[in-house]
$ cat structure35.cif   # mmCIF, C-alpha atoms
data_run
#
loop_
_atom_site.label_atom_id
_atom_site.label_comp_id
_atom_site.auth_asym_id
_atom_site.auth_seq_id
_atom_site.Cartn_x
_atom_site.Cartn_y
_atom_site.Cartn_z
CA MET A 1 55.05 142.58 180.37
CA LEU A 2 58.19 140.44 180.14
CA ALA A 3 57.63 136.69 179.70
CA ALA A 4 59.26 133.50 178.42
CA PHE A 5 57.00 131.90 175.83
CA VAL A 6 56.72 129.72 172.75
CA SER A 7 54.95 130.58 169.47
CA ALA A 8 55.73 127.44 167.45
CA PRO A 9 56.97 124.01 168.62
CA SER A 10 60.29 122.38 167.73
CA PRO A 11 60.49 118.69 168.68
CA ASP A 12 64.20 118.43 167.90
CA ASP A 13 65.59 121.82 168.93
CA PRO A 14 63.49 123.22 171.78
CA LEU A 15 65.80 126.12 172.65
CA SER A 16 65.45 127.48 169.12
CA VAL A 17 61.78 128.35 169.76
CA LEU A 18 62.14 129.79 173.26
CA GLU A 19 61.23 133.49 173.15
CA VAL A 20 61.86 136.03 175.92
CA GLY A 21 60.08 139.29 175.33
CA GLU A 22 56.85 141.24 175.70
CA ARG A 23 53.47 139.56 176.13
CA PRO A 24 50.02 141.05 176.86
CA GLU A 25 49.04 141.68 180.47
CA PRO A 26 46.93 138.83 181.88
CA GLU A 27 43.17 139.22 182.12
CA ALA A 28 41.43 137.70 185.13
CA PRO A 29 37.89 136.46 184.35
CA GLU A 30 35.27 136.08 187.08
CA GLY A 31 36.55 133.80 189.83
CA TRP A 32 40.20 134.40 188.86
CA THR A 33 42.84 136.73 190.26
CA THR A 34 46.18 138.17 189.17
CA VAL A 35 49.45 137.40 190.95
CA THR A 36 52.58 139.54 190.61
CA VAL A 37 55.33 136.97 190.22
CA LYS A 38 58.36 137.33 192.47
CA ALA A 39 59.89 133.94 191.61
CA ALA A 40 59.06 131.13 189.18
CA ALA A 41 60.68 127.71 188.91
CA LEU A 42 61.56 125.73 185.79
CA ASN A 43 60.38 122.16 185.15
CA HIS A 44 60.88 119.51 182.48
CA HIS A 45 57.27 120.23 181.57
CA ASP A 46 58.50 123.52 180.10
CA LEU A 47 60.98 121.76 177.82
CA PHE A 48 58.21 119.39 176.72
CA SER A 49 56.06 122.42 175.90
CA LEU A 50 58.79 123.84 173.65
CA ARG A 51 58.79 120.49 171.83
CA GLY A 52 55.01 120.67 171.45
CA VAL A 53 54.30 117.77 173.83
CA GLY A 54 50.86 118.39 175.33
CA LEU A 55 50.79 121.86 173.82
CA PRO A 56 49.44 121.94 170.25
CA ALA A 57 50.39 124.81 167.97
CA GLU A 58 46.83 126.20 167.97
CA ARG A 59 47.22 127.13 171.66
CA MET A 60 50.36 129.14 170.99
CA PRO A 61 51.78 131.64 171.71
CA MET A 62 51.87 130.29 175.25
CA THR A 63 53.69 131.72 178.24
CA LEU A 64 55.59 128.85 179.84
CA GLY A 65 55.84 127.89 183.50
CA CYS A 66 53.73 126.07 186.10
CA ASP A 67 55.25 127.32 189.36
CA ALA A 68 55.19 130.75 190.96
CA ALA A 69 55.26 132.63 194.22
CA GLY A 70 54.42 136.29 194.51
CA THR A 71 51.85 138.76 195.78
CA ASP A 72 48.12 138.96 195.16
CA ALA A 73 46.11 142.10 194.45
CA ASP A 74 45.98 142.91 198.17
CA GLY A 75 49.73 142.50 198.66
CA ASN A 76 49.50 139.11 200.39
CA GLU A 77 52.39 136.71 199.83
CA VAL A 78 51.06 133.66 198.02
CA VAL A 79 52.05 130.47 196.20
CA VAL A 80 50.29 129.45 192.99
CA HIS A 81 48.86 125.92 192.81
CA ALA A 82 49.50 124.78 189.23
CA VAL A 83 46.66 122.24 188.75
CA VAL A 84 43.62 123.92 187.19
CA SER A 85 40.46 121.83 187.56
CA SER A 86 37.40 122.21 185.36
CA PRO A 87 34.52 124.47 186.48
CA GLY A 88 32.31 122.77 189.04
CA TRP A 89 34.79 119.99 189.84
CA THR A 90 34.89 118.94 193.50
CA GLY A 91 37.29 116.63 195.28
CA ASP A 92 40.84 115.68 194.28
CA GLU A 93 41.64 117.91 191.33
CA THR A 94 44.36 115.55 190.09
CA LEU A 95 41.60 113.04 189.26
CA ASP A 96 39.63 115.50 187.15
CA PRO A 97 39.88 114.11 183.57
CA LYS A 98 39.62 117.68 182.24
CA ARG A 99 42.28 119.15 184.52
CA SER A 100 45.26 120.99 183.11
CA LEU A 101 48.42 122.65 184.33
CA LEU A 102 49.18 126.30 183.90
CA SER A 103 50.86 126.79 180.49
CA GLU A 104 48.76 124.02 178.88
CA ARG A 105 45.38 125.73 178.35
CA TYR A 106 46.06 128.90 180.31
CA GLN A 107 49.07 131.23 180.18
CA GLY A 108 51.89 130.21 182.50
CA THR A 109 54.00 131.69 185.26
CA LEU A 110 57.30 132.62 183.56
CA ALA A 111 56.14 136.21 183.40
CA GLU A 112 55.93 139.33 185.50
CA ARG A 113 52.25 138.61 186.21
CA VAL A 114 49.93 135.62 185.85
CA ALA A 115 46.16 135.12 186.06
CA VAL A 116 45.00 132.07 188.03
CA PRO A 117 41.75 130.77 189.55
CA ALA A 118 41.25 132.34 192.98
CA ARG A 119 41.07 128.86 194.52
CA ASN A 120 44.61 128.19 193.22
CA VAL A 121 46.19 130.83 195.44
CA VAL A 122 47.65 129.49 198.70
CA PRO A 123 49.12 131.66 201.48
CA LYS A 124 52.92 131.56 201.54
CA PRO A 125 54.52 130.93 204.93
CA THR A 126 56.75 133.80 205.98
CA ALA A 127 59.49 131.26 206.79
CA LEU A 128 59.89 130.49 203.08
CA SER A 129 61.52 132.88 200.62
CA PHE A 130 59.76 133.53 197.31
CA ALA A 131 62.43 131.48 195.50
CA GLU A 132 62.00 128.55 197.89
CA ALA A 133 58.21 128.68 197.68
CA ALA A 134 58.31 128.79 193.87
CA CYS A 135 60.03 125.39 193.84
CA LEU A 136 57.11 123.66 195.55
CA PRO A 137 53.98 123.50 193.33
CA THR A 138 55.26 120.99 190.77
CA ALA A 139 58.44 119.10 191.73
CA TRP A 140 58.11 119.21 195.51
CA LEU A 141 54.35 118.65 195.54
CA THR A 142 54.84 115.72 193.17
CA ALA A 143 57.46 114.24 195.52
CA TYR A 144 55.26 114.79 198.58
CA ARG A 145 52.29 112.99 197.01
CA MET A 146 54.45 110.14 195.69
CA LEU A 147 56.02 109.37 199.04
CA PHE A 148 53.37 110.27 201.61
CA VAL A 149 50.07 109.78 199.76
CA ARG A 150 50.54 107.17 197.03
CA SER A 151 53.37 104.82 198.06
CA GLY A 152 52.00 103.22 201.21
CA LEU A 153 55.56 103.15 202.55
CA ARG A 154 56.41 103.91 206.15
CA PRO A 155 59.33 105.64 207.91
CA GLY A 156 62.21 103.24 208.47
CA GLN A 157 61.74 101.54 205.11
CA THR A 158 64.29 101.80 202.29
CA VAL A 159 63.42 103.85 199.23
CA LEU A 160 65.47 104.11 196.02
CA VAL A 161 65.24 107.35 194.05
CA GLN A 162 66.28 107.11 190.40
CA GLY A 163 68.16 110.10 188.98
CA ALA A 164 69.59 111.97 191.94
CA SER A 165 69.87 115.53 190.66
CA GLY A 166 66.45 116.45 189.27
CA GLY A 167 63.92 118.60 191.07
CA VAL A 168 61.58 115.74 192.04
CA ALA A 169 64.50 113.51 193.04
CA THR A 170 66.15 116.06 195.30
CA ALA A 171 62.78 116.82 196.89
CA LEU A 172 62.22 113.10 197.54
CA VAL A 173 65.63 112.77 199.19
CA GLN A 174 65.09 115.76 201.46
CA LEU A 175 61.49 114.97 202.39
CA GLY A 176 62.13 111.26 202.89
CA THR A 177 65.18 111.85 205.05
CA ALA A 178 63.32 114.36 207.20
CA ALA A 179 60.49 111.86 207.69
CA GLY A 180 62.73 108.96 208.70
CA TYR A 181 62.99 106.88 205.52
CA ARG A 182 66.29 105.32 204.40
CA MET A 183 66.81 107.14 201.11
CA TRP A 184 69.07 105.64 198.46
CA VAL A 185 69.73 107.27 195.09
CA THR A 186 71.28 106.65 191.70
CA GLY A 187 73.21 109.37 189.89
CA ARG A 188 75.08 109.60 186.60
CA SER A 189 78.13 111.40 187.99
CA GLU A 190 80.20 111.35 191.16
CA GLU A 191 79.34 115.02 191.63
CA LYS A 192 75.60 114.32 191.58
CA ARG A 193 75.90 111.34 193.89
CA THR A 194 77.96 113.37 196.35
CA ALA A 195 75.40 116.16 196.26
CA ALA A 196 72.60 113.68 197.05
CA LEU A 197 74.55 112.38 200.04
CA ALA A 198 74.96 115.95 201.26
CA LEU A 199 71.17 116.36 201.12
CA GLY A 200 70.68 113.36 203.39
CA ALA A 201 70.70 110.27 201.16
CA GLU A 202 72.13 107.28 203.02
CA GLN A 203 73.78 105.69 199.97
CA ALA A 204 74.32 106.67 196.33
CA PHE A 205 74.99 104.36 193.38
CA GLU A 206 75.78 104.50 189.70
CA PRO A 207 72.79 103.96 187.38
CA GLY A 208 71.95 100.27 187.08
CA ALA A 209 74.28 99.25 189.95
CA ARG A 210 73.60 96.11 191.93
CA LEU A 211 72.33 97.24 195.33
CA PRO A 212 73.51 95.83 198.68
CA GLU A 213 69.95 94.64 199.29
CA ARG A 214 66.55 95.00 197.67
CA VAL A 215 64.44 98.00 198.62
CA ASP A 216 60.87 98.47 199.80
CA GLY A 217 60.03 101.12 197.21
CA VAL A 218 61.38 102.91 194.17
CA MET A 219 60.50 106.47 193.16
CA GLU A 220 60.56 106.77 189.36
CA SER A 221 60.58 109.87 187.16
CA VAL A 222 63.17 108.74 184.59
CA GLY A 223 61.27 106.04 182.71
CA LYS A 224 62.71 103.86 180.00
CA ALA A 225 66.39 104.22 180.97
CA THR A 226 65.87 103.06 184.57
CA TRP A 227 62.65 101.01 184.60
CA ALA A 228 64.22 97.54 184.46
CA HIS A 229 66.60 98.43 187.28
CA SER A 230 63.71 99.80 189.34
CA ILE A 231 61.65 96.63 189.01
CA ARG A 232 64.61 94.35 189.72
CA SER A 233 65.65 96.36 192.79
CA LEU A 234 62.40 95.74 194.68
CA LYS A 235 61.76 93.25 197.44
CA PRO A 236 58.83 90.88 196.92
CA GLY A 237 55.71 92.90 197.59
CA GLY A 238 57.52 96.18 196.92
CA VAL A 239 56.14 99.23 195.17
CA VAL A 240 57.36 101.48 192.39
CA VAL A 241 55.73 104.90 192.18
CA THR A 242 56.06 106.63 188.83
CA CYS A 243 55.36 110.30 188.16
CA GLY A 244 56.95 110.67 184.73
CA ALA A 245 59.29 109.30 182.13
CA THR A 246 61.82 111.86 180.94
CA THR A 247 63.77 109.23 178.96
CA GLY A 248 60.77 107.54 177.35
CA PHE A 249 57.33 106.10 178.09
CA ASP A 250 57.72 102.59 176.64
CA PRO A 251 60.12 100.36 178.61
CA SER A 252 59.71 96.61 178.79
CA ALA A 253 57.03 96.12 181.43
CA GLU A 254 58.89 93.27 183.19
CA LEU A 255 55.47 91.70 183.85
CA ASN A 256 56.98 88.37 184.87
CA ARG A 257 58.69 90.06 187.81
CA VAL A 258 55.64 92.17 188.60
CA PHE A 259 53.28 89.23 189.05
CA PHE A 260 55.75 86.64 190.34
CA THR A 261 57.07 88.86 193.13
CA GLN A 262 53.70 90.62 193.61
CA LEU A 263 54.93 94.12 192.96
CA SER A 264 52.74 97.20 192.89
CA VAL A 265 53.10 99.81 190.14
CA VAL A 266 51.47 103.07 191.21
CA GLY A 267 51.03 106.23 189.17
CA SER A 268 51.17 109.66 190.77
CA THR A 269 50.51 113.07 189.25
CA MET A 270 51.15 116.42 190.93
CA GLY A 271 49.06 116.94 194.08
CA THR A 272 46.11 118.81 195.53
CA ARG A 273 45.84 122.31 196.91
CA GLU A 274 45.46 120.81 200.39
CA GLU A 275 48.60 118.69 199.92
CA LEU A 276 50.52 121.81 198.86
CA ALA A 277 49.48 123.49 202.10
CA GLN A 278 50.49 120.34 204.04
CA LEU A 279 53.86 120.31 202.29
CA MET A 280 54.51 123.91 203.28
CA ARG A 281 53.59 123.14 206.88
CA MET A 282 56.03 120.22 206.84
CA LEU A 283 58.82 122.52 205.65
CA GLU A 284 57.99 124.99 208.41
CA VAL A 285 58.15 122.26 211.07
CA THR A 286 61.24 120.43 209.81
CA GLY A 287 63.29 123.35 208.53
CA VAL A 288 63.82 121.53 205.22
CA ARG A 289 64.23 123.88 202.27
CA PRO A 290 64.35 123.20 198.52
CA GLN A 291 67.76 122.74 196.96
CA ILE A 292 68.13 125.60 194.47
CA ASP A 293 70.66 125.08 191.71
CA VAL A 294 70.69 128.66 190.43
CA GLU A 295 68.61 131.85 190.56
CA LEU A 296 68.48 133.88 187.35
CA PRO A 297 66.60 136.97 186.20
CA LEU A 298 63.77 136.15 183.80
CA ARG A 299 65.61 137.94 180.98
CA GLU A 300 68.25 135.18 181.22
CA ALA A 301 65.68 132.39 180.90
CA ARG A 302 67.57 130.83 177.99
CA GLU A 303 70.51 129.99 180.28
CA GLY A 304 68.19 128.23 182.71
CA PHE A 305 66.52 126.21 179.96
CA ALA A 306 69.93 125.25 178.55
CA ARG A 307 71.12 124.04 181.96
CA MET A 308 68.07 121.78 182.27
CA LEU A 309 68.29 120.51 178.69
CA GLU A 310 71.96 119.61 179.14
CA GLY A 311 71.46 118.04 182.57
CA ARG A 312 73.63 120.63 184.33
CA THR A 313 71.39 120.82 187.37
CA ASN A 314 71.62 120.11 191.07
CA GLY A 315 68.22 121.10 192.35
CA LYS A 316 65.77 123.68 191.06
CA ILE A 317 66.33 126.44 188.52
CA VAL A 318 64.47 129.58 189.61
CA PHE A 319 63.79 132.83 187.78
CA VAL A 320 63.43 135.84 190.07
CA GLY A 321 62.00 139.26 189.47
#

$ encode --input "structure35.cif" --output "structure tokens"
Amino acid sequence: MLAAFVSAPSPDDPLSVLEVGERPEPEAPEGWTTVTVKAAALNHHDLFSLRGVGLPAERMPMTLGCDAAGTDADGNEVVVHAVVSSPGWTGDETLDPKRSLLSERYQGTLAERVAVPARNVVPKPTALSFAEAACLPTAWLTAYRMLFVRSGLRPGQTVLVQGASGGVATALVQLGTAAGYRMWVTGRSEEKRTAALALGAEQAFEPGARLPERVDGVMESVGKATWAHSIRSLKPGGVVVTCGATTGFDPSAELNRVFFTQLSVVGSTMGTREELAQLMRMLEVTGVRPQIDVELPLREAREGFARMLEGRTNGKIVFVG
């Protein structure tokens, strides 16, 4: 079957090790099932995998991809939940110390078919297209958990989203606006700031800009490049929720500001199967849909990866079959 995969890592030139070609058909062990992929979305996680981050060479070749929507063996339309918990784990799977994402220990979704645990298959609402549904399991689920589960923030409060154009950031803007939060964003270009305003952001600023007032919460996925600005933008008692650090994991902690103004720093990773179902119900009720930057056939996966690597995105990149 056709797939996008990596056989050897390249920390400095990830596109050089991206392969698009034939891979073996997936085998579904007991308790697993096979999904025919109709659409699969790209994430920064896939670029990290090409660099060998979290994916050692001994696990390669590895089919990339965490997100997919498609049909199960009975023809039902489904969405794949990307978090794979260890056998016997009960409760919140994001807290399982032995959890993994598809494409870390198990072959990923950038393929014509993928094998997943049966419990990781969630019914797809008919209101969502396959491409829209494929955007949800990583970026949109991450945004949903950050804002509605982990932040403690309430509608009417002001939330700053760092890095307006990424998948998590655009999801945060759309979900937060629909739920009644005042969503502010930062963006590196006028084009990206304008696009965020079109999605519902109330105000958009250049990176590092002085804000008109301090905010109740900051949603962080950028890391080192924006961390100081995030901490300094918060009201006393505010919260920063971090789900990643695409520009680096080691900023100055700004501990003096954290303790003196009694800030909360909260980590958030992915979400649960139940939260994915809740997210899809929210989209059904509100009519909100993921912002898709481009849809490409899987054979043109290299173009999608290049767009993400170069920052030429405004929403999700989706591969369709």

$ resolve_selection --input "structure35.cif" --expression "the PyMOL selection byres ((chain A and resi 299) around 12)" --output "number ranges by chain"
A: 1-5, 18-22, 110-112, 295-298, 300-305, 319-321

$ write_last_selection --input "structure35.cif" --atoms "C-alpha atoms" --output "short mmCIF file (atom, residue, chain, number, x, y, z; two decimals), keeping the file's coordinate frame"
data_model
loop_
_atom_site.label_atom_id
_atom_site.label_comp_id
_atom_site.auth_asym_id
_atom_site.auth_seq_id
_atom_site.Cartn_x
_atom_site.Cartn_y
_atom_site.Cartn_z
CA MET A 1 55.05 142.58 180.37
CA LEU A 2 58.19 140.44 180.14
CA ALA A 3 57.63 136.69 179.70
CA ALA A 4 59.26 133.50 178.42
CA PHE A 5 57.00 131.90 175.83
CA LEU A 18 62.14 129.79 173.26
CA GLU A 19 61.23 133.49 173.15
CA VAL A 20 61.86 136.03 175.92
CA GLY A 21 60.08 139.29 175.33
CA GLU A 22 56.85 141.24 175.70
CA LEU A 110 57.30 132.62 183.56
CA ALA A 111 56.14 136.21 183.40
CA GLU A 112 55.93 139.33 185.50
CA GLU A 295 68.61 131.85 190.56
CA LEU A 296 68.48 133.88 187.35
CA PRO A 297 66.60 136.97 186.20
CA LEU A 298 63.77 136.15 183.80
CA GLU A 300 68.25 135.18 181.22
CA ALA A 301 65.68 132.39 180.90
CA ARG A 302 67.57 130.83 177.99
CA GLU A 303 70.51 129.99 180.28
CA GLY A 304 68.19 128.23 182.71
CA PHE A 305 66.52 126.21 179.96
CA PHE A 319 63.79 132.83 187.78
CA VAL A 320 63.43 135.84 190.07
CA GLY A 321 62.00 139.26 189.47
#

$ closest_residue --input "structure35.cif" --among "A:Ser252, A:Thr33, A:Gln157, A:Thr269" --to "Val215 (chain A)" --atoms "all atoms listed in the file"
A:Gln157

$ closest_residue --input "structure35.cif" --among "A:Thr242, A:Ser49, A:Thr142, A:Thr272" --to "His81 (chain A)" --atoms "only C-alpha atoms"
A:Thr272

$ atom_distance --input "structure35.cif" --atom1 "CA of Arg99 (chain A)" --atom2 "CA of Cys243 (chain A)"
16.2 Å

$ closest_residue --input "structure35.cif" --among "A:Ser264, A:Ser100, A:Thr126, A:Thr177" --to "Ala82 (chain A)" --atoms "only C-alpha atoms"
A:Ser100

$ resolve_selection --input "structure35.cif" --expression "the PyMOL selection byres ((chain A and resi 68) around 7)" --output "number ranges by chain"
A: 37, 39-41, 66-67, 69-70, 79-80, 109, 134

$ resolve_selection --input "structure35.cif" --expression "the PyMOL selection byres ((chain A and resi 278) around 12)" --output "list in words"
Val122, Pro123, Lys124, Pro125, Leu136, Pro137, Trp140, Leu141, Tyr144, Arg145, Phe148, Val149, Gly271, Thr272, Arg273, Glu274, Glu275, Leu276, Ala277, Leu279, Met280, Arg281, Met282, Leu283, Glu284 and Val285 of chain A

$ closest_residue --input "structure35.cif" --among "A:Met270, A:Ile292, A:Leu263, A:Ala164" --to "Thr94 (chain A)" --atoms "all atoms listed in the file"
A:Met270

$ atom_distance --input "structure35.cif" --atom1 "CA of Val318 (chain A)" --atom2 "CA of Gly244 (chain A)"
20.9 Å

$ axis_aligned_box --input "structure35.cif" --around "region 162-171 of chain A" --padding-each-side "6 Å" --output "JSON"
{"center_x": 65.7, "center_y": 112.9, "center_z": 192.9, "size_x": 20.3, "size_y": 23.5, "size_z": 19.9}

$ residues_around --input "structure35.cif" --residues "Glu254 (chain A)" --least-positions-apart "5" --cutoff "10 Å" --atoms "only C-alpha atoms" --output "ChimeraX atom specification"
/A:227-228,231-232,259

$ closest_residue --input "structure35.cif" --among "A:Gly315, A:Pro56, A:Pro14, A:Pro9" --to "Gly166 (chain A)" --atoms "only C-alpha atoms"
A:Gly315

$ residues_around --input "structure35.cif" --residues "Arg188 (chain A)" --least-positions-apart "2" --cutoff "12 Å" --atoms "only C-alpha atoms" --output "PDB file with C-alpha atoms, in the frame of the given file"
ATOM      1  CA  GLN A 162      66.280 107.110 190.400  1.00  0.00           C
ATOM      2  CA  GLY A 163      68.160 110.100 188.980  1.00  0.00           C
ATOM      3  CA  ALA A 164      69.590 111.970 191.940  1.00  0.00           C
ATOM      4  CA  SER A 165      69.870 115.530 190.660  1.00  0.00           C
ATOM      5  CA  GLY A 166      66.450 116.450 189.270  1.00  0.00           C
ATOM      6  CA  VAL A 185      69.730 107.270 195.090  1.00  0.00           C
ATOM      7  CA  THR A 186      71.280 106.650 191.700  1.00  0.00           C
ATOM      8  CA  GLU A 190      80.200 111.350 191.160  1.00  0.00           C
ATOM      9  CA  GLU A 191      79.340 115.020 191.630  1.00  0.00           C
ATOM     10  CA  LYS A 192      75.600 114.320 191.580  1.00  0.00           C
ATOM     11  CA  ARG A 193      75.900 111.340 193.890  1.00  0.00           C
ATOM     12  CA  THR A 194      77.960 113.370 196.350  1.00  0.00           C
ATOM     13  CA  ALA A 195      75.400 116.160 196.260  1.00  0.00           C
ATOM     14  CA  ALA A 196      72.600 113.680 197.050  1.00  0.00           C
ATOM     15  CA  ALA A 204      74.320 106.670 196.330  1.00  0.00           C
ATOM     16  CA  PHE A 205      74.990 104.360 193.380  1.00  0.00           C
ATOM     17  CA  GLU A 206      75.780 104.500 189.700  1.00  0.00           C
ATOM     18  CA  PRO A 207      72.790 103.960 187.380  1.00  0.00           C
ATOM     19  CA  GLY A 208      71.950 100.270 187.080  1.00  0.00           C
ATOM     20  CA  ALA A 209      74.280  99.250 189.950  1.00  0.00           C
ATOM     21  CA  ALA A 225      66.390 104.220 180.970  1.00  0.00           C
ATOM     22  CA  THR A 226      65.870 103.060 184.570  1.00  0.00           C
ATOM     23  CA  GLY A 311      71.460 118.040 182.570  1.00  0.00           C
ATOM     24  CA  ARG A 312      73.630 120.630 184.330  1.00  0.00           C
ATOM     25  CA  THR A 313      71.390 120.820 187.370  1.00  0.00           C
ATOM     26  CA  ASN A 314      71.620 120.110 191.070  1.00  0.00           C
TER      27      ASN A 314
END

$ build_atoms --input "structure35.cif" --residues "region 22-30 of chain A" --atoms "all heavy atoms" --output "compact mmCIF listing (two decimals), in the frame of the given file"
# COMPACT_ATOMS: atom_id res chain seq x y z
N GLU A 22 58.10 140.66 175.21
CA GLU A 22 56.85 141.24 175.70
C GLU A 22 55.64 140.38 175.34
O GLU A 22 55.55 139.84 174.24
CB GLU A 22 56.67 142.64 175.11
CG GLU A 22 57.69 143.65 175.61
CD GLU A 22 57.60 143.86 177.12
OE1 GLU A 22 56.47 144.04 177.62
OE2 GLU A 22 58.65 143.82 177.79
N ARG A 23 54.75 140.25 176.32
CA ARG A 23 53.47 139.56 176.13
C ARG A 23 52.37 140.43 176.75
O ARG A 23 52.63 141.26 177.63
CB ARG A 23 53.49 138.19 176.82
CG ARG A 23 54.40 137.16 176.15
CD ARG A 23 53.74 136.63 174.87
NE ARG A 23 52.59 135.78 175.22
CZ ARG A 23 51.47 135.72 174.52
NH1 ARG A 23 51.32 136.49 173.45
NH2 ARG A 23 50.48 134.92 174.89
N PRO A 24 51.12 140.24 176.31
CA PRO A 24 50.02 141.05 176.86
C PRO A 24 49.84 140.81 178.36
O PRO A 24 50.11 139.72 178.87
CB PRO A 24 48.79 140.55 176.08
CG PRO A 24 49.34 139.92 174.85
CD PRO A 24 50.66 139.35 175.23
N GLU A 25 49.37 141.83 179.05
CA GLU A 25 49.04 141.68 180.47
C GLU A 25 47.93 140.64 180.63
O GLU A 25 47.04 140.54 179.78
CB GLU A 25 48.57 143.02 181.04
CG GLU A 25 49.67 144.05 181.21
CD GLU A 25 50.54 143.77 182.44
OE1 GLU A 25 50.11 142.98 183.31
OE2 GLU A 25 51.64 144.34 182.52
N PRO A 26 47.97 139.84 181.69
CA PRO A 26 46.93 138.83 181.88
C PRO A 26 45.59 139.45 182.23
O PRO A 26 45.52 140.50 182.89
CB PRO A 26 47.47 137.99 183.04
CG PRO A 26 48.33 138.93 183.82
CD PRO A 26 48.97 139.83 182.78
N GLU A 27 44.52 138.81 181.78
CA GLU A 27 43.17 139.22 182.12
C GLU A 27 42.58 138.16 183.05
O GLU A 27 42.65 136.97 182.75
CB GLU A 27 42.31 139.38 180.87
CG GLU A 27 42.80 140.48 179.94
CD GLU A 27 41.90 140.65 178.73
OE1 GLU A 27 40.87 139.93 178.66
OE2 GLU A 27 42.22 141.48 177.86
N ALA A 28 41.99 138.62 184.14
CA ALA A 28 41.43 137.70 185.13
C ALA A 28 39.91 137.66 184.99
O ALA A 28 39.23 138.62 185.37
CB ALA A 28 41.82 138.12 186.54
N PRO A 29 39.35 136.57 184.44
CA PRO A 29 37.89 136.46 184.35
C PRO A 29 37.28 136.29 185.73
O PRO A 29 37.99 136.19 186.74
CB PRO A 29 37.69 135.21 183.48
CG PRO A 29 38.94 134.41 183.67
CD PRO A 29 40.04 135.40 183.89
N GLU A 30 35.96 136.24 185.80
CA GLU A 30 35.27 136.08 187.08
C GLU A 30 35.75 134.81 187.78
O GLU A 30 35.85 133.75 187.16
CB GLU A 30 33.76 136.01 186.86
CG GLU A 30 32.96 135.95 188.16
CD GLU A 30 31.46 135.93 187.93
OE1 GLU A 30 31.04 136.06 186.75
OE2 GLU A 30 30.71 135.79 188.91
